[in-house]
Every structure is written in structure tokens, then in C-alpha cells.
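Novice: Shown below is the structure under consideration.
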Amino acid sequence: YFIQFYCYFLIESLRKETITLPDLILIKKQLLDELDISFFEDRFDKATASEQLVLLAMAELYGEKITPSAIMSHLKMDKSSFFTYLNNLLEKNLIYKASRGHYVFSIPLFKDFLLRKKQKV
């Protein structure tokens, strides 16, 4: 759905046979605003308030892959609660286990959305 939405927005906004990088740069803010409203916000709202805190912490700490210990330390959260939230986020397909002990976001550009959202609060 993400890729379909992204491409549809580009085609409808630019209405050109060939879309170039400068074209994308020209409408990037509009595209991100629309993705925030129409795509990312719905996914974020799937998470409970505590799960949202985990997602926001992941975005703040995000490197290539993030470890549960880094997130727990950042949030000062106990292990049992944290792993419950982490498993819920996995089940909701908002994150996935990239390798043993490392997690990443399932949705392209989701980290950037979370950082934008955090700035607005």
C-alpha cells in the first residue's frame, strides 16, 4: 500500500510522463504531509500509548538496527512490560526482528514520521 500511495501521489501531483529527482524534491513536503495524514497516523494509532512511547524511543535512538536494551535504558522501563509492548508491536507489524536482538521499523519512512510527530508535541 505504501508504494502504491507514494507512486499515485507523484503521478497525480506532477502529471508528467517522466518524473525526475528535482520534481520529487519540489513536492516532497506535500508528499510527506499527505503520508503523515493518510498512512502513518493510522498505523501509529494502532499502538497503545505505551507502545507509542516505545516507537518514539526507537525513532530517537534509531541506527541501522536497535536493541531492546537500548530502548529499555532510554525509557527506564522494566523488562517484562517492555517485552510485552515489543511483542505487541511485532504482532501489529509496526516493527520486525531484523536479526537476533535487533529490531527495525516495518514501514519505510516511519522513523522520520515519528520524529516529525515528536517535534509537534
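Residues are referred to by chain and number: the chain letter is A, B, ... according to the order shown in the C-alpha cells, the number counts from 1 in that chain, and ligands are numbered separately from 1 in the order shown.
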Using only C-alpha atoms, tabulate the residues of range 44-114 of chain A lying at most 10 Å from any atom of range 33-36 of chain A, each with its closest atom pair and that distance in Å to one decimal, by chain and increasing residue number, as a Markdown table.
Specialist:
| residue | atom | partner | partner_atom | distance |
| --- | --- | --- | --- | --- |
| A:Phe44 | CA | A:Asp36 | CA | 9.8 |
| A:Leu109 | CA | A:Leu35 | CA | 9.5 |
| A:Phe110 | CA | A:Asp36 | CA | 9.1 |
| A:Asp112 | CA | A:Asp36 | CA | 9.9 |
| A:Phe113 | CA | A:Asp36 | CA | 6.6 |
| A:Leu114 | CA | A:Asp36 | CA | 9.4 |
Novice: Take the residues from that selection and write them out as an mmCIF file, in the first residue's frame, keeping all heavy atoms.
Specialist:
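Output contents, as saved in part_3.cif:
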data_model
loop_
_atom_site.group_PDB
_atom_site.id
_atom_site.type_symbol
_atom_site.label_atom_id
_atom_site.label_comp_id
_atom_site.auth_asym_id
_atom_site.auth_seq_id
_atom_site.Cartn_x
_atom_site.Cartn_y
_atom_site.Cartn_z
ATOM 1 N N PHE A 44 0.291 4.436 13.448
ATOM 2 C CA PHE A 44 0.709 4.856 14.786
ATOM 3 C C PHE A 44 -0.432 4.681 15.787
ATOM 4 O O PHE A 44 -0.219 4.246 16.920
ATOM 5 C CB PHE A 44 1.169 6.316 14.750
ATOM 6 C CG PHE A 44 1.716 6.828 16.045
ATOM 7 C CD1 PHE A 44 2.940 6.399 16.526
ATOM 8 C CD2 PHE A 44 1.005 7.757 16.789
ATOM 9 C CE1 PHE A 44 3.464 6.874 17.714
ATOM 10 C CE2 PHE A 44 1.514 8.252 17.977
ATOM 11 C CZ PHE A 44 2.743 7.802 18.440
ATOM 12 N N LEU A 109 10.148 5.095 5.900
ATOM 13 C CA LEU A 109 9.978 6.484 6.330
ATOM 14 C C LEU A 109 9.222 6.647 7.650
ATOM 15 O O LEU A 109 8.908 7.770 8.061
ATOM 16 C CB LEU A 109 9.288 7.330 5.238
ATOM 17 C CG LEU A 109 9.960 7.359 3.872
ATOM 18 C CD1 LEU A 109 9.109 8.150 2.885
ATOM 19 C CD2 LEU A 109 11.349 7.963 3.964
ATOM 20 N N PHE A 110 8.913 5.549 8.342
ATOM 21 C CA PHE A 110 8.150 5.629 9.593
ATOM 22 C C PHE A 110 8.949 6.344 10.677
ATOM 23 O O PHE A 110 8.398 7.116 11.455
ATOM 24 C CB PHE A 110 7.732 4.224 10.046
ATOM 25 C CG PHE A 110 6.650 4.210 11.087
ATOM 26 C CD1 PHE A 110 5.462 4.884 10.906
ATOM 27 C CD2 PHE A 110 6.811 3.487 12.256
ATOM 28 C CE1 PHE A 110 4.453 4.860 11.861
ATOM 29 C CE2 PHE A 110 5.819 3.448 13.219
ATOM 30 C CZ PHE A 110 4.633 4.137 13.017
ATOM 31 N N ASP A 112 11.075 8.750 10.308
ATOM 32 C CA ASP A 112 11.000 10.192 10.050
ATOM 33 C C ASP A 112 9.650 10.764 10.467
ATOM 34 O O ASP A 112 9.578 11.872 11.005
ATOM 35 C CB ASP A 112 11.272 10.484 8.575
ATOM 36 C CG ASP A 112 12.667 10.041 8.156
ATOM 37 O OD1 ASP A 112 13.582 10.071 9.000
ATOM 38 O OD2 ASP A 112 12.826 9.660 6.987
ATOM 39 N N PHE A 113 8.582 10.011 10.219
ATOM 40 C CA PHE A 113 7.251 10.425 10.673
ATOM 41 C C PHE A 113 7.240 10.574 12.190
ATOM 42 O O PHE A 113 6.736 11.574 12.720
ATOM 43 C CB PHE A 113 6.185 9.411 10.238
ATOM 44 C CG PHE A 113 4.922 9.488 11.055
ATOM 45 C CD1 PHE A 113 4.020 10.523 10.855
ATOM 46 C CD2 PHE A 113 4.639 8.535 12.021
ATOM 47 C CE1 PHE A 113 2.856 10.608 11.615
ATOM 48 C CE2 PHE A 113 3.489 8.613 12.786
ATOM 49 C CZ PHE A 113 2.584 9.651 12.579
ATOM 50 N N LEU A 114 7.778 9.578 12.890
ATOM 51 C CA LEU A 114 7.783 9.615 14.355
ATOM 52 C C LEU A 114 8.572 10.816 14.875
ATOM 53 O O LEU A 114 8.150 11.477 15.829
ATOM 54 C CB LEU A 114 8.353 8.315 14.912
ATOM 55 C CG LEU A 114 7.499 7.075 14.668
ATOM 56 C CD1 LEU A 114 8.290 5.812 14.990
ATOM 57 C CD2 LEU A 114 6.213 7.131 15.464
#
Novice: Just the residues within 12 Å of Ile3 in chain A, please, counting only C-alpha atoms, with nothing from its chain fewer than 3 positions along; format it as a PyMOL selection string.
Specialist: chain A and resi 6-10+35+39+107-109
Novice: List the spatial neighbours of range 48-60 of chain A as a compact mmCIF listing (two decimals) with all heavy atoms, in the first residue's frame - criterion: any atom at most 10 Å away, only C-alpha atoms, same-chain residues fewer than 3 positions off excluded.
Specialist:
# COMPACT_ATOMS: atom_id res chain seq x y z
N PHE A 44 0.29 4.44 13.45
CA PHE A 44 0.71 4.86 14.79
C PHE A 44 -0.43 4.68 15.79
O PHE A 44 -0.22 4.25 16.92
CB PHE A 44 1.17 6.32 14.75
CG PHE A 44 1.72 6.83 16.04
CD1 PHE A 44 2.94 6.40 16.53
CD2 PHE A 44 1.01 7.76 16.79
CE1 PHE A 44 3.46 6.87 17.71
CE2 PHE A 44 1.51 8.25 17.98
CZ PHE A 44 2.74 7.80 18.44
N ASP A 45 -1.64 5.00 15.36
CA ASP A 45 -2.80 4.89 16.24
C ASP A 45 -3.17 3.45 16.58
O ASP A 45 -3.94 3.21 17.51
CB ASP A 45 -4.01 5.60 15.63
CG ASP A 45 -3.87 7.11 15.68
OD1 ASP A 45 -3.04 7.62 16.48
OD2 ASP A 45 -4.58 7.81 14.92
N GLY A 63 19.49 3.57 14.73
CA GLY A 63 20.65 3.48 13.87
C GLY A 63 20.25 2.51 12.78
O GLY A 63 19.11 2.48 12.35
N LYS A 65 20.13 -0.82 13.21
CA LYS A 65 19.27 -1.74 13.96
C LYS A 65 19.30 -1.28 15.40
O LYS A 65 20.27 -0.71 15.86
CB LYS A 65 19.78 -3.17 13.87
CG LYS A 65 19.89 -3.71 12.47
CD LYS A 65 20.58 -5.05 12.49
CE LYS A 65 20.89 -5.51 11.08
NZ LYS A 65 21.75 -6.69 11.07
N ILE A 66 18.24 -1.55 16.12
CA ILE A 66 18.19 -1.10 17.51
C ILE A 66 17.96 -2.28 18.45
O ILE A 66 17.23 -3.20 18.11
CB ILE A 66 17.12 -0.01 17.70
CG1 ILE A 66 17.25 0.62 19.06
CG2 ILE A 66 15.74 -0.52 17.46
CD1 ILE A 66 16.68 1.99 19.14
N THR A 67 18.59 -2.23 19.60
CA THR A 67 18.48 -3.33 20.56
C THR A 67 17.46 -3.00 21.63
O THR A 67 17.28 -1.83 22.00
CB THR A 67 19.83 -3.61 21.25
OG1 THR A 67 20.21 -2.45 22.00
CG2 THR A 67 20.91 -3.95 20.24
N PRO A 68 16.80 -4.02 22.15
CA PRO A 68 15.85 -3.81 23.24
C PRO A 68 16.50 -3.14 24.45
O PRO A 68 15.88 -2.28 25.07
CB PRO A 68 15.37 -5.23 23.58
CG PRO A 68 15.55 -5.99 22.32
CD PRO A 68 16.78 -5.41 21.69
N ALA A 70 18.84 -0.94 24.58
CA ALA A 70 18.98 0.50 24.35
C ALA A 70 17.65 1.21 24.56
O ALA A 70 17.60 2.29 25.16
CB ALA A 70 19.51 0.76 22.94
N ILE A 71 16.58 0.61 24.08
CA ILE A 71 15.25 1.22 24.23
C ILE A 71 14.83 1.23 25.70
O ILE A 71 14.37 2.24 26.22
CB ILE A 71 14.19 0.48 23.38
CG1 ILE A 71 14.61 0.42 21.92
CG2 ILE A 71 12.83 1.16 23.52
CD1 ILE A 71 13.82 -0.57 21.10
N MET A 72 15.00 0.08 26.38
CA MET A 72 14.64 -0.01 27.80
C MET A 72 15.41 1.01 28.62
O MET A 72 14.85 1.67 29.50
CB MET A 72 14.90 -1.41 28.35
CG MET A 72 13.84 -2.42 28.01
SD MET A 72 14.08 -3.99 28.86
CE MET A 72 15.58 -4.58 28.08
N SER A 73 16.68 1.15 28.34
CA SER A 73 17.51 2.10 29.07
C SER A 73 17.04 3.53 28.82
O SER A 73 16.94 4.33 29.75
CB SER A 73 18.97 1.93 28.63
OG SER A 73 19.78 2.89 29.22
N HIS A 74 16.73 3.83 27.58
CA HIS A 74 16.25 5.17 27.21
C HIS A 74 14.93 5.50 27.91
O HIS A 74 14.73 6.61 28.37
CB HIS A 74 16.10 5.25 25.69
CG HIS A 74 15.67 6.58 25.19
ND1 HIS A 74 16.50 7.67 25.18
CD2 HIS A 74 14.49 7.01 24.69
CE1 HIS A 74 15.85 8.72 24.68
NE2 HIS A 74 14.63 8.34 24.37
N LEU A 75 14.03 4.52 27.98
CA LEU A 75 12.71 4.73 28.57
C LEU A 75 12.67 4.49 30.07
O LEU A 75 11.67 4.80 30.71
CB LEU A 75 11.68 3.81 27.89
CG LEU A 75 11.36 4.11 26.44
CD1 LEU A 75 10.46 3.03 25.86
CD2 LEU A 75 10.70 5.47 26.32
N MET A 77 12.34 1.62 31.49
CA MET A 77 11.18 0.74 31.57
C MET A 77 11.62 -0.64 32.04
O MET A 77 12.69 -1.10 31.66
CB MET A 77 10.53 0.66 30.18
CG MET A 77 9.22 -0.07 30.12
SD MET A 77 8.53 -0.04 28.43
CE MET A 77 7.93 1.63 28.33
N SER A 81 7.39 -5.43 31.16
CA SER A 81 6.46 -4.54 30.45
C SER A 81 6.97 -4.24 29.05
O SER A 81 6.22 -4.28 28.08
CB SER A 81 6.31 -3.21 31.21
OG SER A 81 5.71 -3.42 32.45
N PHE A 82 8.26 -3.96 28.96
CA PHE A 82 8.84 -3.61 27.67
C PHE A 82 8.64 -4.72 26.66
O PHE A 82 8.22 -4.47 25.53
CB PHE A 82 10.33 -3.29 27.81
CG PHE A 82 10.99 -3.11 26.49
CD1 PHE A 82 10.81 -1.94 25.77
CD2 PHE A 82 11.75 -4.12 25.93
CE1 PHE A 82 11.39 -1.77 24.53
CE2 PHE A 82 12.33 -3.96 24.69
CZ PHE A 82 12.15 -2.79 23.98
N THR A 84 6.46 -7.03 26.57
CA THR A 84 5.04 -7.13 26.20
C THR A 84 4.73 -6.13 25.10
O THR A 84 4.11 -6.47 24.09
CB THR A 84 4.14 -6.87 27.43
OG1 THR A 84 4.41 -7.87 28.41
CG2 THR A 84 2.67 -6.91 27.06
N TYR A 85 5.19 -4.89 25.29
CA TYR A 85 4.95 -3.85 24.27
C TYR A 85 5.66 -4.20 22.96
O TYR A 85 5.09 -4.04 21.87
CB TYR A 85 5.42 -2.48 24.75
CG TYR A 85 4.79 -2.04 26.05
CD1 TYR A 85 5.54 -1.37 27.01
CD2 TYR A 85 3.45 -2.29 26.33
CE1 TYR A 85 4.97 -0.96 28.20
CE2 TYR A 85 2.88 -1.89 27.53
CZ TYR A 85 3.64 -1.23 28.46
OH TYR A 85 3.08 -0.82 29.64
N LEU A 86 6.87 -4.69 23.07
CA LEU A 86 7.64 -5.05 21.88
C LEU A 86 6.94 -6.15 21.09
O LEU A 86 6.80 -6.06 19.86
CB LEU A 86 9.05 -5.49 22.28
CG LEU A 86 10.09 -5.57 21.17
CD1 LEU A 86 10.39 -4.18 20.62
CD2 LEU A 86 11.35 -6.21 21.68
N ASN A 87 6.46 -7.18 21.79
CA ASN A 87 5.74 -8.26 21.11
C ASN A 87 4.46 -7.76 20.47
O ASN A 87 4.10 -8.20 19.37
CB ASN A 87 5.45 -9.40 22.09
CG ASN A 87 6.68 -10.21 22.39
OD1 ASN A 87 7.57 -10.35 21.55
ND2 ASN A 87 6.78 -10.73 23.60
N ASN A 88 3.76 -6.85 21.14
CA ASN A 88 2.54 -6.27 20.55
C ASN A 88 2.85 -5.51 19.27
O ASN A 88 2.11 -5.60 18.29
CB ASN A 88 1.85 -5.35 21.55
CG ASN A 88 1.24 -6.10 22.72
OD1 ASN A 88 1.08 -7.31 22.68
ND2 ASN A 88 0.94 -5.37 23.77
N LEU A 89 3.96 -4.77 19.27
CA LEU A 89 4.35 -4.03 18.08
C LEU A 89 4.73 -4.97 16.93
O LEU A 89 4.46 -4.68 15.77
CB LEU A 89 5.51 -3.07 18.40
CG LEU A 89 5.15 -1.91 19.33
CD1 LEU A 89 6.40 -1.18 19.79
CD2 LEU A 89 4.17 -0.96 18.66
N LEU A 94 4.33 -3.26 13.06
CA LEU A 94 4.93 -1.93 13.04
C LEU A 94 6.45 -2.02 13.09
O LEU A 94 7.13 -1.08 12.66
CB LEU A 94 4.39 -1.10 14.21
CG LEU A 94 2.90 -0.79 14.11
CD1 LEU A 94 2.40 -0.13 15.39
CD2 LEU A 94 2.62 0.09 12.91
N ILE A 95 6.96 -3.11 13.61
CA ILE A 95 8.39 -3.38 13.65
C ILE A 95 8.60 -4.84 13.28
O ILE A 95 7.65 -5.63 13.24
CB ILE A 95 9.01 -3.09 15.04
CG1 ILE A 95 8.39 -4.00 16.11
CG2 ILE A 95 8.85 -1.63 15.41
CD1 ILE A 95 9.09 -3.94 17.46
N TYR A 103 15.94 -4.84 16.16
CA TYR A 103 14.63 -4.55 15.61
C TYR A 103 14.69 -3.32 14.71
O TYR A 103 15.50 -2.42 14.93
CB TYR A 103 13.61 -4.31 16.74
CG TYR A 103 13.40 -5.55 17.55
CD1 TYR A 103 14.26 -5.88 18.60
CD2 TYR A 103 12.36 -6.42 17.27
CE1 TYR A 103 14.09 -7.04 19.34
CE2 TYR A 103 12.18 -7.59 18.00
CZ TYR A 103 13.04 -7.88 19.02
OH TYR A 103 12.87 -9.04 19.74
N VAL A 104 13.82 -3.29 13.72
CA VAL A 104 13.72 -2.16 12.80
C VAL A 104 12.24 -1.89 12.50
O VAL A 104 11.39 -2.74 12.74
CB VAL A 104 14.49 -2.39 11.47
CG1 VAL A 104 15.98 -2.51 11.72
CG2 VAL A 104 13.99 -3.61 10.75
N PHE A 105 11.97 -0.72 11.96
CA PHE A 105 10.60 -0.39 11.57
C PHE A 105 10.21 -1.15 10.31
O PHE A 105 11.01 -1.34 9.41
CB PHE A 105 10.46 1.12 11.32
CG PHE A 105 10.64 1.94 12.56
CD1 PHE A 105 11.77 2.73 12.71
CD2 PHE A 105 9.70 1.92 13.56
CE1 PHE A 105 11.94 3.48 13.86
CE2 PHE A 105 9.87 2.66 14.72
CZ PHE A 105 11.00 3.45 14.87
N PHE A 110 8.91 5.55 8.34
CA PHE A 110 8.15 5.63 9.59
C PHE A 110 8.95 6.34 10.68
O PHE A 110 8.40 7.12 11.45
CB PHE A 110 7.73 4.22 10.05
CG PHE A 110 6.65 4.21 11.09
CD1 PHE A 110 5.46 4.88 10.91
CD2 PHE A 110 6.81 3.49 12.26
CE1 PHE A 110 4.45 4.86 11.86
CE2 PHE A 110 5.82 3.45 13.22
CZ PHE A 110 4.63 4.14 13.02
N LYS A 111 10.25 6.09 10.72
CA LYS A 111 11.10 6.77 11.70
C LYS A 111 11.01 8.28 11.54
O LYS A 111 10.84 9.02 12.51
CB LYS A 111 12.55 6.33 11.57
CG LYS A 111 13.50 7.08 12.51
CD LYS A 111 14.94 6.90 12.14
CE LYS A 111 15.30 7.85 11.05
NZ LYS A 111 16.55 8.48 11.05
N ASP A 112 11.08 8.75 10.31
CA ASP A 112 11.00 10.19 10.05
C ASP A 112 9.65 10.76 10.47
O ASP A 112 9.58 11.87 11.01
CB ASP A 112 11.27 10.48 8.58
CG ASP A 112 12.67 10.04 8.16
OD1 ASP A 112 13.58 10.07 9.00
OD2 ASP A 112 12.83 9.66 6.99
N PHE A 113 8.58 10.01 10.22
CA PHE A 113 7.25 10.43 10.67
C PHE A 113 7.24 10.57 12.19
O PHE A 113 6.74 11.57 12.72
CB PHE A 113 6.18 9.41 10.24
CG PHE A 113 4.92 9.49 11.05
CD1 PHE A 113 4.02 10.52 10.86
CD2 PHE A 113 4.64 8.54 12.02
CE1 PHE A 113 2.86 10.61 11.61
CE2 PHE A 113 3.49 8.61 12.79
CZ PHE A 113 2.58 9.65 12.58
N LEU A 114 7.78 9.58 12.89
CA LEU A 114 7.78 9.62 14.36
C LEU A 114 8.57 10.82 14.87
O LEU A 114 8.15 11.48 15.83
CB LEU A 114 8.35 8.31 14.91
CG LEU A 114 7.50 7.08 14.67
CD1 LEU A 114 8.29 5.81 14.99
CD2 LEU A 114 6.21 7.13 15.46
N LEU A 115 9.69 11.12 14.25
CA LEU A 115 10.48 12.28 14.66
C LEU A 115 9.74 13.59 14.38
O LEU A 115 9.78 14.52 15.20
CB LEU A 115 11.84 12.26 13.98
CG LEU A 115 12.76 11.11 14.39
CD1 LEU A 115 14.03 11.11 13.56
CD2 LEU A 115 13.08 11.15 15.88
N LYS A 117 6.49 13.86 14.33
CA LYS A 117 5.39 13.85 15.31
C LYS A 117 5.90 14.32 16.67
O LYS A 117 5.24 15.11 17.35
CB LYS A 117 4.79 12.45 15.40
CG LYS A 117 3.58 12.38 16.28
CD LYS A 117 2.86 11.08 16.04
CE LYS A 117 1.51 11.05 16.70
NZ LYS A 117 0.56 12.05 16.20
N LYS A 118 7.05 13.83 17.07
CA LYS A 118 7.63 14.20 18.36
C LYS A 118 7.92 15.70 18.42
O LYS A 118 7.72 16.33 19.45
CB LYS A 118 8.88 13.39 18.62
CG LYS A 118 9.49 13.63 19.97
CD LYS A 118 9.99 12.36 20.55
CE LYS A 118 10.62 12.62 21.89
NZ LYS A 118 9.84 12.15 22.98
Novice: Pick out the closest residue to Ala47 in chain A from this set: A:Phe83, A:Leu90, A:Arg100, A:Pro22. Count only C-alpha atoms.
Specialist: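 With only C-alpha atoms as the atom set, the closest residue is A:Leu90.
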Novice: Quick one: pull the distance between CA of Arg43 in chain A and CA of Phe5 in chain A, Å, one decimal.
Specialist: 14.4 Å
Novice: Could you find all residues in chain A that DSSP calls strand (DSSP E or B) from the backbone, and write them as a list in words?
Specialist: Ile66, Ile95, Tyr96, Lys97, Ala98, Ser99, His102, Tyr103, Val104 and Phe105 of chain A
Novice: Emit the selected residues as a short mmCIF file (atom, residue, chain, number, x, y, z; two decimals), in the first residue's frame, including C-alpha atoms.
Specialist:
data_model
loop_
_atom_site.label_atom_id
_atom_site.label_comp_id
_atom_site.auth_asym_id
_atom_site.auth_seq_id
_atom_site.Cartn_x
_atom_site.Cartn_y
_atom_site.Cartn_z
CA ILE A 66 18.19 -1.10 17.51
CA ILE A 95 8.39 -3.38 13.65
CA TYR A 96 10.17 -6.61 12.83
CA LYS A 97 13.12 -8.54 14.14
CA ALA A 98 15.93 -7.89 11.66
CA SER A 99 18.31 -10.27 13.39
CA HIS A 102 17.86 -6.19 16.70
CA TYR A 103 14.63 -4.55 15.61
CA VAL A 104 13.72 -2.16 12.80
CA PHE A 105 10.60 -0.39 11.57
#
Novice: Select from chain A everything DSSP, run on the backbone, classes as alpha helix (DSSP H), then give the selection as a PyMOL selection string.
Specialist: chain A and resi 2-14+21-35+41-45+49-61+68-75+79-91+110-120
Novice: Keeping C-alpha atoms for every residue in the selection just given, could you write it to a file as a compact mmCIF listing (two decimals), in the first residue's frame?
Specialist:
# COMPACT_ATOMS: atom_id res chain seq x y z
CA PHE A 2 2.82 2.39 0.87
CA ILE A 3 4.44 2.09 -2.55
CA GLN A 4 1.09 2.42 -4.32
CA PHE A 5 0.23 5.55 -2.33
CA TYR A 6 3.65 7.09 -2.93
CA CYS A 7 3.54 6.48 -6.68
CA TYR A 8 -0.08 7.59 -7.01
CA PHE A 9 0.69 10.85 -5.24
CA LEU A 10 3.67 11.53 -7.52
CA ILE A 11 1.72 10.80 -10.68
CA GLU A 12 -1.34 12.82 -9.64
CA SER A 13 0.67 15.76 -8.33
CA LEU A 14 3.13 16.07 -11.17
CA LEU A 21 14.57 13.95 -8.75
CA PRO A 22 14.08 17.74 -8.89
CA ASP A 23 10.34 17.08 -9.39
CA LEU A 24 10.26 14.92 -6.27
CA ILE A 25 12.18 17.50 -4.25
CA LEU A 26 9.65 20.13 -5.33
CA ILE A 27 6.68 18.22 -3.84
CA LYS A 28 8.45 16.29 -1.05
CA LYS A 29 6.91 18.29 1.81
CA GLN A 30 3.40 17.87 0.38
CA LEU A 31 4.02 14.16 -0.09
CA LEU A 32 5.23 13.71 3.47
CA ASP A 33 2.31 15.72 4.86
CA GLU A 34 -0.12 13.53 2.93
CA LEU A 35 1.64 10.33 4.01
CA GLU A 41 -1.04 8.29 11.54
CA ASP A 42 -3.38 5.29 11.15
CA ARG A 43 -0.55 2.88 11.79
CA PHE A 44 0.71 4.86 14.79
CA ASP A 45 -2.80 4.89 16.24
CA ALA A 49 0.09 4.90 24.47
CA SER A 50 2.87 2.77 25.99
CA GLU A 51 3.64 1.12 22.66
CA GLN A 52 3.79 4.57 21.08
CA LEU A 53 6.45 5.54 23.63
CA VAL A 54 8.49 2.54 22.52
CA LEU A 55 8.11 3.55 18.86
CA LEU A 56 9.14 7.14 19.61
CA ALA A 57 12.17 5.94 21.59
CA MET A 58 13.16 3.66 18.71
CA ALA A 59 12.97 6.63 16.33
CA GLU A 60 15.15 8.75 18.61
CA LEU A 61 17.74 6.01 19.05
CA PRO A 68 15.85 -3.81 23.24
CA SER A 69 18.37 -2.92 25.95
CA ALA A 70 18.98 0.50 24.35
CA ILE A 71 15.25 1.22 24.23
CA MET A 72 14.64 -0.01 27.80
CA SER A 73 17.51 2.10 29.07
CA HIS A 74 16.25 5.17 27.21
CA LEU A 75 12.71 4.73 28.57
CA LYS A 79 11.92 -5.68 31.22
CA SER A 80 8.60 -7.53 31.47
CA SER A 81 6.46 -4.54 30.45
CA PHE A 82 8.84 -3.61 27.67
CA PHE A 83 8.83 -7.05 26.08
CA THR A 84 5.04 -7.13 26.20
CA TYR A 85 4.95 -3.85 24.27
CA LEU A 86 7.64 -5.05 21.88
CA ASN A 87 5.74 -8.26 21.11
CA ASN A 88 2.54 -6.27 20.55
CA LEU A 89 4.35 -4.03 18.08
CA LEU A 90 5.65 -7.11 16.27
CA GLU A 91 2.12 -8.54 16.07
CA PHE A 110 8.15 5.63 9.59
CA LYS A 111 11.10 6.77 11.70
CA ASP A 112 11.00 10.19 10.05
CA PHE A 113 7.25 10.43 10.67
CA LEU A 114 7.78 9.62 14.36
CA LEU A 115 10.48 12.28 14.66
CA ARG A 116 8.22 14.85 12.98
CA LYS A 117 5.39 13.85 15.31
CA LYS A 118 7.63 14.20 18.36
CA GLN A 119 8.64 17.73 17.27
CA LYS A 120 4.99 18.79 17.07
